[in-house]
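Chemist: Hey, dropping my_file.cif in here, mmCIF, C-alpha atoms:
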```cif
data_target
loop_
_atom_site.label_atom_id
_atom_site.label_comp_id
_atom_site.auth_asym_id
_atom_site.auth_seq_id
_atom_site.Cartn_x
_atom_site.Cartn_y
_atom_site.Cartn_z
CA MET A 1 44.65 195.98 -17.65
CA ASP A 2 43.20 199.40 -17.13
CA GLY A 3 46.02 201.42 -18.65
CA GLY A 4 44.12 202.92 -21.54
CA GLY A 5 41.80 200.12 -22.64
CA GLN A 6 38.99 202.58 -23.50
CA TYR A 7 41.26 204.84 -25.53
CA ASN A 8 40.72 204.52 -29.30
CA PRO A 9 43.14 206.54 -31.46
CA ARG A 10 41.56 207.46 -34.80
CA THR A 11 44.25 209.31 -36.79
CA VAL A 12 47.72 208.21 -37.91
CA GLU A 13 49.30 210.61 -35.44
CA GLU A 14 47.14 209.34 -32.58
CA VAL A 15 47.88 205.69 -33.40
CA PHE A 16 51.60 206.46 -33.55
CA ARG A 17 51.40 208.26 -30.20
CA ASP A 18 49.60 205.21 -28.77
CA PHE A 19 52.35 202.97 -30.24
CA LYS A 20 55.13 205.06 -28.71
CA GLY A 21 53.50 205.05 -25.28
CA ARG A 22 53.03 201.27 -25.24
CA ARG A 23 56.55 200.78 -26.60
CA ALA A 24 58.07 203.01 -23.90
CA GLY A 25 56.27 201.05 -21.17
CA MET A 26 57.49 197.69 -22.48
CA ILE A 27 61.06 198.95 -22.90
CA LYS A 28 60.92 200.14 -19.28
CA ALA A 29 59.83 196.64 -18.17
CA LEU A 30 62.70 195.00 -20.04
CA THR A 31 65.42 197.49 -19.06
CA THR A 32 65.11 199.87 -16.11
CA ASP A 33 62.41 197.81 -14.34
CA VAL A 34 63.84 194.44 -15.38
CA GLU A 35 64.30 193.09 -11.83
CA GLU A 36 60.66 193.74 -10.96
CA PHE A 37 59.54 192.33 -14.32
CA TYR A 38 61.65 189.19 -13.80
CA GLN A 39 60.14 188.58 -10.35
CA GLN A 40 56.57 189.01 -11.60
CA CYS A 41 57.10 186.40 -14.37
CA ASP A 42 57.04 183.45 -11.97
CA PRO A 43 57.01 180.17 -13.98
CA GLU A 44 54.84 178.60 -11.29
CA LYS A 45 51.96 180.99 -12.08
CA GLU A 46 49.36 180.71 -14.84
CA ASN A 47 49.95 181.89 -18.43
CA LEU A 48 51.12 185.50 -18.16
CA CYS A 49 51.41 188.31 -20.71
CA LEU A 50 53.37 191.58 -20.82
CA TYR A 51 51.16 194.57 -21.59
CA GLY A 52 52.29 198.06 -22.54
CA PHE A 53 49.93 201.01 -22.14
CA PRO A 54 49.64 204.40 -23.90
CA ASN A 55 50.62 206.16 -20.67
CA GLU A 56 54.09 204.49 -20.83
CA GLN A 57 53.27 202.01 -18.05
CA TRP A 58 53.59 198.23 -18.20
CA GLU A 59 51.87 195.30 -16.52
CA VAL A 60 52.32 191.53 -16.26
CA ASN A 61 48.90 189.93 -16.08
CA LEU A 62 46.66 187.09 -17.22
CA PRO A 63 45.20 187.40 -20.74
CA ALA A 64 41.84 189.04 -21.32
CA GLU A 65 38.88 186.77 -20.56
CA GLU A 66 36.52 188.12 -23.20
CA VAL A 67 36.50 186.39 -26.60
CA PRO A 68 37.33 187.94 -28.94
CA PRO A 69 39.41 190.42 -26.89
CA GLU A 70 38.99 194.18 -27.32
CA LEU A 71 42.56 194.42 -28.65
CA PRO A 72 45.00 191.81 -30.03
CA GLU A 73 46.59 189.93 -27.12
CA PRO A 74 50.35 189.77 -26.40
CA ALA A 75 52.31 186.49 -26.41
CA LEU A 76 50.88 184.07 -23.88
CA GLY A 77 52.92 182.27 -21.21
CA ILE A 78 56.12 184.35 -21.29
CA ASN A 79 56.79 183.24 -17.70
CA PHE A 80 57.09 179.52 -18.54
CA ALA A 81 60.43 179.89 -20.36
CA ARG A 82 62.04 182.18 -17.78
CA ASP A 83 64.06 179.59 -15.85
CA GLY A 84 64.82 177.40 -18.84
CA MET A 85 66.88 180.05 -20.65
CA GLN A 86 69.64 182.50 -19.91
CA GLU A 87 68.09 185.77 -18.75
CA LYS A 88 69.36 187.81 -21.72
CA ASP A 89 67.98 185.25 -24.18
CA TRP A 90 64.64 185.18 -22.40
CA LEU A 91 64.40 189.00 -22.38
CA SER A 92 65.29 189.04 -26.08
CA LEU A 93 62.51 186.54 -26.78
CA VAL A 94 59.96 188.65 -24.87
CA ALA A 95 61.22 191.73 -26.75
CA VAL A 96 60.61 190.11 -30.16
CA HIS A 97 57.07 189.10 -29.19
CA SER A 98 56.47 192.60 -27.81
CA ASP A 99 57.49 194.17 -31.14
CA ALA A 100 55.05 191.89 -32.95
CA TRP A 101 52.25 192.78 -30.53
CA LEU A 102 52.81 196.53 -30.90
CA LEU A 103 52.52 196.26 -34.68
CA ALA A 104 49.37 194.16 -34.33
CA VAL A 105 47.73 196.74 -32.08
CA ALA A 106 48.73 199.68 -34.28
CA PHE A 107 47.39 198.10 -37.48
CA TYR A 108 44.29 196.84 -35.66
CA PHE A 109 43.44 200.50 -35.01
CA GLY A 110 44.31 201.28 -38.64
CA ALA A 111 41.91 198.61 -39.91
CA ARG A 112 39.20 199.53 -37.44
CA PHE A 113 39.19 203.18 -38.40
CA GLY A 114 39.61 202.71 -42.14
CA PHE A 115 43.19 203.78 -42.83
CA ASP A 116 43.85 203.72 -46.57
CA LYS A 117 47.07 202.62 -48.29
CA THR A 118 48.71 206.02 -47.82
CA ASP A 119 47.81 206.17 -44.13
CA ARG A 120 49.12 202.63 -43.50
CA LYS A 121 52.36 203.38 -45.31
CA ARG A 122 52.83 206.62 -43.36
CA LEU A 123 52.12 204.84 -40.06
CA PHE A 124 54.62 202.07 -40.84
CA THR A 125 57.28 204.60 -41.87
CA MET A 126 56.84 206.49 -38.58
CA ILE A 127 57.07 203.24 -36.62
CA ASN A 128 60.01 201.96 -38.67
CA ASP A 129 62.04 205.08 -37.88
CA LEU A 130 62.13 203.98 -34.23
CA PRO A 131 64.44 201.17 -33.03
CA THR A 132 62.54 197.99 -32.20
CA ILE A 133 62.26 196.86 -28.59
CA PHE A 134 64.51 193.93 -29.52
CA GLU A 135 67.18 196.33 -30.82
CA VAL A 136 66.99 198.41 -27.64
CA VAL A 137 67.12 195.40 -25.28
CA THR A 138 69.99 193.66 -27.10
CA GLY A 139 71.96 196.83 -27.86
CA THR A 140 71.76 196.17 -31.60
CA THR A 141 71.11 199.86 -32.33
CA LYS A 142 74.45 200.87 -30.79
CA LYS A 143 76.25 198.11 -32.69
CA GLN A 144 74.73 199.24 -36.00
CA THR A 145 75.89 202.82 -35.38
CA LYS A 146 79.45 201.64 -34.70
CA GLU A 147 79.42 199.41 -37.76
CA LYS A 148 78.28 202.27 -40.01
CA SER A 149 81.12 204.51 -38.82
CA SER A 150 83.60 201.64 -39.24
CA VAL A 151 82.39 200.99 -42.79
CA SER A 152 82.73 204.64 -43.78
CA ASN A 153 86.35 204.68 -42.52
CA HIS A 154 87.32 201.42 -44.26
CA SER A 155 85.47 201.51 -47.57
CA SER A 156 88.42 200.06 -49.53
CA ASN A 157 88.68 197.07 -47.19
CA LYS A 158 84.95 196.51 -47.41
CA SER A 159 85.05 195.34 -51.04
CA LYS A 160 87.84 192.85 -50.31
CA SER A 161 86.16 191.41 -47.24
CA GLY A 162 82.86 191.37 -49.12
CA SER A 163 84.26 189.11 -51.85
CA LYS A 164 85.69 186.76 -49.23
CA GLY A 165 82.34 186.72 -47.45
CA ARG A 166 80.53 185.63 -50.58
CA GLY A 167 83.02 182.80 -51.10
CA SER A 168 82.53 181.48 -47.58
CA GLU A 169 78.76 181.71 -48.02
CA LEU A 170 79.01 179.48 -51.12
CA VAL A 171 81.00 176.91 -49.14
CA LYS A 172 78.41 177.01 -46.35
CA TYR A 173 75.63 176.65 -48.90
CA SER A 174 77.18 173.57 -50.53
CA LYS A 175 77.75 172.00 -47.12
CA GLY A 176 74.19 172.84 -46.19
CA MET A 177 72.89 171.05 -49.27
CA GLN A 178 74.85 167.92 -48.33
CA GLU A 179 73.54 168.07 -44.78
CA LYS A 180 70.02 168.56 -46.11
CA ASP A 181 70.27 165.33 -48.14
CA GLU A 182 71.40 163.45 -45.03
CA ASP A 183 68.65 165.03 -42.96
CA GLU A 184 66.02 163.91 -45.46
CA VAL A 185 66.95 160.27 -44.81
CA VAL A 186 66.72 160.84 -41.06
CA ASP A 187 63.39 162.63 -41.48
CA GLU A 188 61.95 159.63 -43.34
CA GLU A 189 62.99 157.34 -40.48
CA ASP A 190 61.52 159.74 -37.92
CA GLU A 191 58.24 159.93 -39.81
CA GLU A 192 57.93 156.13 -39.81
CA GLU A 193 58.82 155.94 -36.11
CA HIS A 194 56.51 158.74 -34.96
CA GLY A 195 53.74 158.41 -37.54
CA GLU A 196 51.23 157.38 -34.87
CA THR A 197 52.27 160.11 -32.41
CA LEU A 198 49.53 162.66 -31.67
CA CYS A 199 50.00 166.24 -30.51
CA GLY A 200 48.97 166.59 -26.86
CA ALA A 201 47.35 169.96 -27.64
CA CYS A 202 45.52 169.63 -30.97
CA GLY A 203 45.43 165.84 -31.40
CA GLU A 204 46.83 165.92 -34.95
CA ASN A 205 49.33 163.35 -36.25
CA TYR A 206 53.10 163.76 -36.38
CA ALA A 207 54.53 165.26 -39.59
CA ALA A 208 58.22 165.33 -40.43
CA ASP A 209 58.10 168.87 -41.80
CA GLU A 210 56.82 170.31 -38.51
CA PHE A 211 58.75 171.14 -35.34
CA TRP A 212 57.72 169.06 -32.30
CA ILE A 213 58.79 169.20 -28.66
CA CYS A 214 58.38 166.64 -25.85
CA CYS A 215 57.38 167.55 -22.30
CA ASP A 216 60.01 166.31 -19.83
CA ILE A 217 57.32 165.81 -17.18
CA CYS A 218 54.44 163.96 -18.86
CA GLU A 219 56.48 162.89 -21.94
CA LYS A 220 53.73 163.96 -24.34
CA TRP A 221 54.67 165.41 -27.72
CA PHE A 222 53.39 168.78 -28.98
CA HIS A 223 53.54 170.82 -32.16
CA GLY A 224 55.85 173.73 -31.45
CA LYS A 225 53.19 176.10 -32.85
CA CYS A 226 50.56 174.70 -30.46
CA VAL A 227 52.63 175.51 -27.36
CA LYS A 228 54.31 178.59 -28.89
CA ILE A 229 57.83 177.10 -28.88
CA THR A 230 60.16 177.74 -31.84
CA PRO A 231 63.22 175.61 -32.71
CA ALA A 232 65.49 178.52 -31.76
CA ARG A 233 63.81 178.92 -28.40
CA ALA A 234 63.90 175.15 -27.75
CA GLU A 235 67.69 175.16 -27.97
CA HIS A 236 67.85 177.29 -24.82
CA ILE A 237 65.35 175.27 -22.77
CA LYS A 238 67.01 172.81 -20.40
CA GLN A 239 63.78 171.17 -19.21
CA TYR A 240 60.55 171.75 -21.09
CA LYS A 241 57.24 171.69 -19.21
CA CYS A 242 54.06 171.78 -21.27
CA PRO A 243 51.34 174.28 -20.25
CA SER A 244 49.32 171.53 -18.54
CA CYS A 245 52.23 170.36 -16.37
CA SER A 246 53.19 173.94 -15.59
CA ASN A 247 49.66 174.70 -14.42
CA LYS A 248 49.58 171.58 -12.25
CA ARG A 249 52.78 172.65 -10.49
CA ALA A 250 51.33 176.10 -9.93
CA ARG A 251 48.45 174.70 -7.92
CA PRO A 252 49.17 173.28 -4.42
#
```
Before we go any further, please render this structure as structure tokens.
Modeler:
Amino acid sequence: MDGGGQYNPRTVEEVFRDFKGRRAGMIKALTTDVEEFYQQCDPEKENLCLYGFPNEQWEVNLPAEEVPPELPEPALGINFARDGMQEKDWLSLVAVHSDAWLLAVAFYFGARFGFDKTDRKRLFTMINDLPTIFEVVTGTTKKQTKEKSSVSNHSSNKSKSGSKGRGSELVKYSKGMQEKDEDEVVDEEDEEEHGETLCGACGENYAADEFWICCDICEKWFHGKCVKITPARAEHIKQYKCPSCSNKRARP
């Protein structure tokens, strides 16, 4: 992690230039260098992170050892989900976390060097004018451009389809409310059944309003937030291995 660690941008323009360099490196990892990136994210290795550097380079490496780290750290353990998801879904997931990390780093510099409200707003506007890494990786930017041109050519049809859309949304909403009532009954049963279950990471009790996931290897339950697994991500995982079981498999 030597790609610009000592560099400290102090003005809005310098922070934005730092942001663009790191962003370019991470986009390269997830697009043009995707085969190399995929190979480096071996699920059998320790927790790995994707770093982007101001010089437009990228690196897959272990997280920083110092606590607290010099800069905010990227998402930890991106390699663990690689084989449990379709490649495009996994790359999209890494892209979302990369966008969040870039914003964290940019506004870390802003806080460190005393950016005021105007500076922060200007920095965000400059950043927001660029497509996110997620939009680049998934092709959303191209889709949005096509949709805008389609809307401008069919403005009269837009109002008709818009009214239909609102009607269908109301139907979905009413159905959702019914399903919610049914789910509440199920949640009460789950809470009684799993009330004594403890999270294998933090040791806290089960709660019905929190997302949990079970390791298919050791069969321990974990808060999704403790092992950085969201409900959306869990849907794409065929066999979940908790960090502990993943680390055991990595060592001969």
Chemist: Using all atoms listed in the file, pick whichever of A:Phe109, A:Phe37, A:Phe16, A:Phe222 has the shortest atom-to-atom distance to A:Val60.
Modeler: A:Phe37
Chemist: For A:Glu36, find every residue with an atom within 12 Å (counting only C-alpha atoms), except residues of its own chain fewer than 5 positions away, and show them as a ChimeraX atom specification.
Modeler: /A:28-31,41-42,58-60
Chemist: Find the residue from A:Ala106, A:Asn55, A:Val96, A:Glu13 that sits nearest to A:Pro72; use all atoms listed in the file when measuring.
Modeler: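 Of the candidates, the smallest distance to A:Pro72 is held by A:Ala106.
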Chemist: Could you tell me how far atom CA of A:Leu71 lies from atom CA of A:Ala104, in Å and to one decimal?
Modeler: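 Between atom CA of A:Leu71 and atom CA of A:Ala104 the gap is 8.9 Å.
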Chemist: Determine, counting all atoms listed in the file, which protein, DNA and RNA residues have an atom within 10 Å of an atom of A:Ile217; residues of the same chain fewer than 5 positions away are not included. Present the result as a PyMOL selection string.
Modeler: chain A and resi 239-242+244-246
Chemist: Hey, can you spit out that residue selection with C-alpha atoms as a PDB file, keeping the file's coordinate frame?
Modeler:
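File produced: part.pdb:
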```pdb
ATOM      1  CA  GLN A 239      63.780 171.170 -19.210  1.00  0.00           C
ATOM      2  CA  TYR A 240      60.550 171.750 -21.090  1.00  0.00           C
ATOM      3  CA  LYS A 241      57.240 171.690 -19.210  1.00  0.00           C
ATOM      4  CA  CYS A 242      54.060 171.780 -21.270  1.00  0.00           C
ATOM      5  CA  SER A 244      49.320 171.530 -18.540  1.00  0.00           C
ATOM      6  CA  CYS A 245      52.230 170.360 -16.370  1.00  0.00           C
ATOM      7  CA  SER A 246      53.190 173.940 -15.590  1.00  0.00           C
TER       8      SER A 246
END
```
Chemist: For the file shown, what are the residues hit by the PyMOL selection byres ((chain A and resi 224) around 9), laid out as JSON, numbers by chain?
Modeler: {"A": [210, 211, 212, 213, 222, 223, 225, 226, 227, 228, 229, 230, 231, 234]}
Chemist: May I have the selected residues written with C-alpha atoms, as a PDB file, in the coordinates of the input?
Modeler:
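again28.pdb written:
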```pdb
ATOM      1  CA  GLU A 210      56.820 170.310 -38.510  1.00  0.00           C
ATOM      2  CA  PHE A 211      58.750 171.140 -35.340  1.00  0.00           C
ATOM      3  CA  TRP A 212      57.720 169.060 -32.300  1.00  0.00           C
ATOM      4  CA  ILE A 213      58.790 169.200 -28.660  1.00  0.00           C
ATOM      5  CA  PHE A 222      53.390 168.780 -28.980  1.00  0.00           C
ATOM      6  CA  HIS A 223      53.540 170.820 -32.160  1.00  0.00           C
ATOM      7  CA  LYS A 225      53.190 176.100 -32.850  1.00  0.00           C
ATOM      8  CA  CYS A 226      50.560 174.700 -30.460  1.00  0.00           C
ATOM      9  CA  VAL A 227      52.630 175.510 -27.360  1.00  0.00           C
ATOM     10  CA  LYS A 228      54.310 178.590 -28.890  1.00  0.00           C
ATOM     11  CA  ILE A 229      57.830 177.100 -28.880  1.00  0.00           C
ATOM     12  CA  THR A 230      60.160 177.740 -31.840  1.00  0.00           C
ATOM     13  CA  PRO A 231      63.220 175.610 -32.710  1.00  0.00           C
ATOM     14  CA  ALA A 234      63.900 175.150 -27.750  1.00  0.00           C
TER      15      ALA A 234
END
```
Chemist: Quick one: apply the PyMOL selection byres ((chain A and resi 80) around 9) to the file and drop the selected residues here as a ChimeraX atom specification.
Modeler: /A:41-48,77-79,81-84,240-243,246
Chemist: For A:Gly114, please output as a list in words all residues within 12 Å (counting all atoms listed in the file; exclusion window: fewer than 4 positions along the same chain).
Modeler: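 My list of contacting residues is Pro9, Arg10, Thr11, Val12, Phe107, Tyr108, Phe109, Gly110, Thr118, Asp119 and Arg120 of chain A.
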Chemist: I need the output of the PyMOL selection byres ((chain A and resi 132) around 9) for this file as a count of residues only; which residues are they?
Modeler: 14
